[in-house]
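Okay, so here's the structure we're looking at.
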Amino acid sequence: MSPKIELAQRFFGEVAFKQILNYLDKDPIENLPRIFDLILKVPLKAETRKNVQSLKEAWARNPVVQQIVARIIHFSDKNVQQRLVMNVWMYGCLAGPARQQQLTAELGYGIPGSILIDPTSICNLHCDGCWAGAYSTHNSLSFEIVDRIVTEAKDLGIHFIAMSGGEPLLWPPLLDLCRKHQDVAFMMYTNGTIIDEYMAEAMRAAGNMSPAISLEGEREPTDARRGKGIFDTVMAAMDHLKGKGVPFGASLTITRDNASEILSDAFIDMLIDKGVLYIWTFHYIPIGRNPDFSLRVTPEQRAELVEQVRTIRQTKPVMIVDFWNDGAISGGCIAGGRRYFHIAADGAVEPCAFVHYSTDNIKNKSLKEVLRSPLFHAFQKRQPFNENMLRPCPIIDNPQILRDIIAESGAKPTHKEAEAILCGEQANELDKTANVWARQVEAFEMRTVI
């Protein structure tokens with residue numbers, strides 16, 4: 001029995017753990033209420049118990065939640081199902097957070113639930129306005145360093161690792177890393193061009209990998225930003241993944257130009273038909289390669305997005321997250337080590353994929369050391385950055401707070417273009433947009449929709 005299986009067994013108790021596995025093996029959908037009841041008998045922390053109870057109630061009353069779970073189970077290969085349940089649910093949502101809360105109390109600083117790692121900055125595309133486009137394009141972390149990060153993460157109760165880049169599927173040791181750490185769920189933000197039938201089969205066999213494929217909408221906007229023929233390549237990649245039973249999602253960048261299309265019924269229904277199980281939406285942030293302020297969503301569009309996402313959650317069998325408008329669900333900004341942080345391909349440890357400042361490098365420090373950095377401390381003592389949970393972000397909603405954090409911590413930019421968001425014309429534009437949005441959201445009713 002592996003150490004992590006033993007961890008889960010100790011957490012739930014041997015009898016309950018065996019019963020949960022039995023329920024999952026026979027009919028997970030029919031037995032899900034019984035699984036919830038078994039979990040609620042475990043001595044859980046108050047917040048974890050509340051979350052489990054909320055999920056149980058959502059399952060009981062919300063047919064859309066039932067459809068989402070059914071799609072995940074029916075879609076996924078059996079090997080993937082077992083890994084997902086163990087890694088995402090038992091470790092990521094239950095045993096892992098218990099360990100994180102214990103260590104937070106012991107160590108005196110926060111332990112996040114996930115890490116975003118760029119194993120390489122190398123990419124086979126050259127997308128306009130790429131958030132990572134200003135980094136050096138020739139950096140890669142060694143297998144030994146990433147392996148150490150993941151090993152140290154598990155010791156802290158972190159069992160969810162996201163990867164971006166660059167193109168993470170161009171990092172040669174990726175499959176070896178995922179095979180070695182079978183007790184971790186790996187999600188990678190990918191352009192999808194590397195996913196052929198062979199790669200899809202390798203992901204299925206590993207059982208613990210899920211790609212989130214980037215799109216800008218239908219064929220025309222996607223090809224305009226990413227290159228001719230990319231949309232069709234992505235559609236083929238989705239077919240390979242669906243055919244192999246590998247769960248996958250979509251990563252959507254929302255701009256002023258595509259905001260009306262990208263969350264439309266027609267586009268979301270197309271993604272669901274292709275097999276997409278989850279959707280991450282990112283508002284365009286003017287950083288990185290050739291930032292274009294004209295692509296930012298307008299305050300009026302952002303307000304519409306709030307309602308669109310709520311409608312999708314109530315009517316479509318797909319999980320969806322809007323990182324800038326979902327503050328009521330996440331309790332504000334999740335960056336700075338509160339829920340996650342970012343490690344760039346040169347080892348620089350950043351609070352967020354969009355805040356390109358750092359005080360530490362993972363190459364010469366342990367995970368515990370970087371988590372107690374002055375930059376993360378400055379972030380966390382100010383979170384949430386705003387009482388209005390529709391204004392969670394320190395870049396586009398509260399830019400002065402970000403300037404204060406950088407000044408207090410002594411953090412340095414990780415590329416020369418990073419300073420533009422702190423001073424000068426770009427900073428002035430961010431301030432103007434933040435002020436307009438602040439006035440716009442005063443009329444919003446704060447609601448959380450599961």
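Order determines the names: the first chain of the structure tokens is A, the second B, and so forth; residues in each chain are numbered 1 upward, and ligands are numbered 1 upward as they are shown.
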
Could you name the residues that touch A:Ala70 at 7 Å or less, counting only C-alpha atoms, but leaving out those on the same chain fewer than 4 positions away, as an mmCIF file with N, CA and C atoms, in the first residue's frame?
data_model
loop_
_atom_site.group_PDB
_atom_site.id
_atom_site.type_symbol
_atom_site.label_atom_id
_atom_site.label_comp_id
_atom_site.auth_asym_id
_atom_site.auth_seq_id
_atom_site.Cartn_x
_atom_site.Cartn_y
_atom_site.Cartn_z
ATOM 1 N N ILE A 29 -22.496 7.405 -9.079
ATOM 2 C CA ILE A 29 -23.557 8.420 -9.109
ATOM 3 C C ILE A 29 -24.667 8.072 -8.124
ATOM 4 N N GLN A 66 -25.783 17.554 -10.776
ATOM 5 C CA GLN A 66 -25.878 16.121 -11.038
ATOM 6 C C GLN A 66 -25.430 15.786 -12.462
ATOM 7 N N HIS A 74 -19.095 9.447 -16.550
ATOM 8 C CA HIS A 74 -19.357 8.689 -17.775
ATOM 9 C C HIS A 74 -18.310 8.967 -18.852
#

Could you find all residues in stretch 315-400 of chain A that DSSP calls strand (DSSP E) from the backbone, and write them as a list of chain:residue names?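 These are the residues in question: A:Met319, A:Ile320, A:Val321, A:Asp322, A:His342, A:Ile343, A:Ala348, A:Val349, A:Glu350, A:Tyr357, A:Ser358, A:Asp360, A:Asn361.
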
Mind dumping the selected residues with N, CA and C atoms as a short mmCIF file (atom, residue, chain, number, x, y, z; two decimals), in the first residue's frame?
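Writing the result to again.cif gives the following:
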data_model
loop_
_atom_site.label_atom_id
_atom_site.label_comp_id
_atom_site.auth_asym_id
_atom_site.auth_seq_id
_atom_site.Cartn_x
_atom_site.Cartn_y
_atom_site.Cartn_z
N MET A 319 -18.53 22.94 -15.48
CA MET A 319 -18.01 23.80 -14.42
C MET A 319 -17.37 25.02 -15.06
N ILE A 320 -17.59 26.20 -14.51
CA ILE A 320 -17.02 27.41 -15.07
C ILE A 320 -16.55 28.34 -13.94
N VAL A 321 -15.39 28.93 -14.14
CA VAL A 321 -14.81 29.87 -13.17
C VAL A 321 -14.43 31.14 -13.91
N ASP A 322 -14.80 32.28 -13.34
CA ASP A 322 -14.39 33.60 -13.82
C ASP A 322 -13.51 34.20 -12.72
N HIS A 342 2.83 31.31 -8.32
CA HIS A 342 3.38 30.99 -9.63
C HIS A 342 4.89 30.86 -9.57
N ILE A 343 5.41 29.81 -10.21
CA ILE A 343 6.85 29.63 -10.37
C ILE A 343 7.17 29.71 -11.85
N ALA A 348 11.89 31.95 -10.76
CA ALA A 348 11.37 33.09 -9.99
C ALA A 348 10.00 32.75 -9.41
N VAL A 349 9.82 33.05 -8.14
CA VAL A 349 8.56 32.77 -7.45
C VAL A 349 7.73 34.05 -7.42
N GLU A 350 6.59 34.02 -8.11
CA GLU A 350 5.73 35.20 -8.24
C GLU A 350 4.40 34.95 -7.53
N TYR A 357 6.58 39.97 -10.39
CA TYR A 357 7.52 40.47 -9.38
C TYR A 357 7.89 39.32 -8.46
N SER A 358 9.11 39.39 -7.92
CA SER A 358 9.58 38.28 -7.10
C SER A 358 10.62 38.74 -6.09
N ASP A 360 12.15 35.83 -4.45
CA ASP A 360 12.81 34.54 -4.21
C ASP A 360 12.89 33.71 -5.49
N ASN A 361 13.82 32.76 -5.47
CA ASN A 361 13.94 31.81 -6.59
C ASN A 361 13.94 30.39 -6.03
#

Find, counting only C-alpha atoms, the residue in A:Glu201, A:Ala162, A:Thr298, A:Gly110 that gets nearest to A:Ser373.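 Residue with the minimum atom-to-atom distance to A:Ser373: A:Gly110.
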
Considering only C-alpha atoms, return as a PyMOL selection string whatever protein or nucleic-acid residues lie within 10 Å of A:Leu38, sequence-local ones (same chain, fewer than 3 positions apart) excluded. chain A and resi 12+16-17+19-20+32-35+41-42

Can you write just those residues out, N, CA and C atoms, as an mmCIF file, in the first residue's frame?
data_model
loop_
_atom_site.group_PDB
_atom_site.id
_atom_site.type_symbol
_atom_site.label_atom_id
_atom_site.label_comp_id
_atom_site.auth_asym_id
_atom_site.auth_seq_id
_atom_site.Cartn_x
_atom_site.Cartn_y
_atom_site.Cartn_z
ATOM 1 N N PHE A 12 -9.909 8.755 6.782
ATOM 2 C CA PHE A 12 -11.302 8.338 6.794
ATOM 3 C C PHE A 12 -11.593 7.206 7.775
ATOM 4 N N ALA A 16 -14.522 2.947 6.774
ATOM 5 C CA ALA A 16 -15.178 3.946 5.930
ATOM 6 C C ALA A 16 -14.471 4.074 4.588
ATOM 7 N N PHE A 17 -13.124 4.011 4.606
ATOM 8 C CA PHE A 17 -12.361 4.145 3.375
ATOM 9 C C PHE A 17 -12.674 2.999 2.411
ATOM 10 N N GLN A 19 -15.378 1.252 2.345
ATOM 11 C CA GLN A 19 -16.758 1.388 1.897
ATOM 12 C C GLN A 19 -16.868 2.447 0.798
ATOM 13 N N ILE A 20 -16.119 3.552 0.949
ATOM 14 C CA ILE A 20 -16.118 4.591 -0.083
ATOM 15 C C ILE A 20 -15.623 4.020 -1.409
ATOM 16 N N LEU A 32 -23.355 8.441 -4.462
ATOM 17 C CA LEU A 32 -22.723 9.684 -4.014
ATOM 18 C C LEU A 32 -23.311 10.228 -2.702
ATOM 19 N N PRO A 33 -24.649 10.236 -2.503
ATOM 20 C CA PRO A 33 -25.171 10.696 -1.205
ATOM 21 C C PRO A 33 -24.634 9.868 -0.031
ATOM 22 N N ARG A 34 -24.466 8.568 -0.224
ATOM 23 C CA ARG A 34 -23.930 7.711 0.836
ATOM 24 C C ARG A 34 -22.460 8.052 1.103
ATOM 25 N N ILE A 35 -21.727 8.385 0.039
ATOM 26 C CA ILE A 35 -20.333 8.770 0.211
ATOM 27 C C ILE A 35 -20.241 10.072 1.004
ATOM 28 N N LYS A 41 -19.054 11.849 8.614
ATOM 29 C CA LYS A 41 -18.832 11.195 9.908
ATOM 30 C C LYS A 41 -17.384 11.338 10.375
ATOM 31 N N VAL A 42 -16.496 11.744 9.455
ATOM 32 C CA VAL A 42 -15.086 11.956 9.803
ATOM 33 C C VAL A 42 -14.966 13.259 10.587
#

If you count only C-alpha atoms, which residues fall within 7 Å of stretch 379-381 of chain A, apart from same-chain ones fewer than 6 positions away, as a CSV table (one decimal) with N, CA, C and O atoms, in the first residue's frame?
chain,number,residue,atom,x,y,z
A,336,GLY,N,-0.7,35.1,-4.2
A,336,GLY,CA,0.2,35.5,-3.1
A,336,GLY,C,0.4,34.3,-2.1
A,336,GLY,O,0.8,34.6,-1.0
A,338,ARG,N,-2.0,32.5,-0.9
A,338,ARG,CA,-3.2,32.3,-0.2
A,338,ARG,C,-3.9,31.0,-0.7
A,338,ARG,O,-4.2,30.1,0.1
A,405,ILE,N,2.3,46.9,-2.1
A,405,ILE,CA,2.9,45.6,-1.8
A,405,ILE,C,4.3,45.5,-2.3
A,405,ILE,O,5.2,45.0,-1.6

For stretch 116-129 of chain A, list every protein, DNA or RNA residue within 6 Å, evaluated using only C-alpha atoms, and leave out those in the same chain fewer than 5 positions away; present the list as JSON, numbers by chain. {"A": [137, 138, 139, 140, 141, 162, 163, 164, 165, 166, 167, 225, 226, 289, 290, 291, 342, 343, 344, 345]}

Stretch 414-426 of chain A: which residues within 8 Å, counting only C-alpha atoms, same-chain residues fewer than 5 positions away excluded, as a PyMOL selection string? chain A and resi 134-135+287-288+348+355-358+395+399+402-403

Excluding A:Ser210 and its own-chain neighbours fewer than 5 positions away, which residues fall within 8 Å of it when counting only C-alpha atoms? Please give them as a list in words.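 The neighbour list is Ala185, Phe186, Met187, Met188, Met203, Val246, Pro247, Phe248 and Gly249 of chain A.
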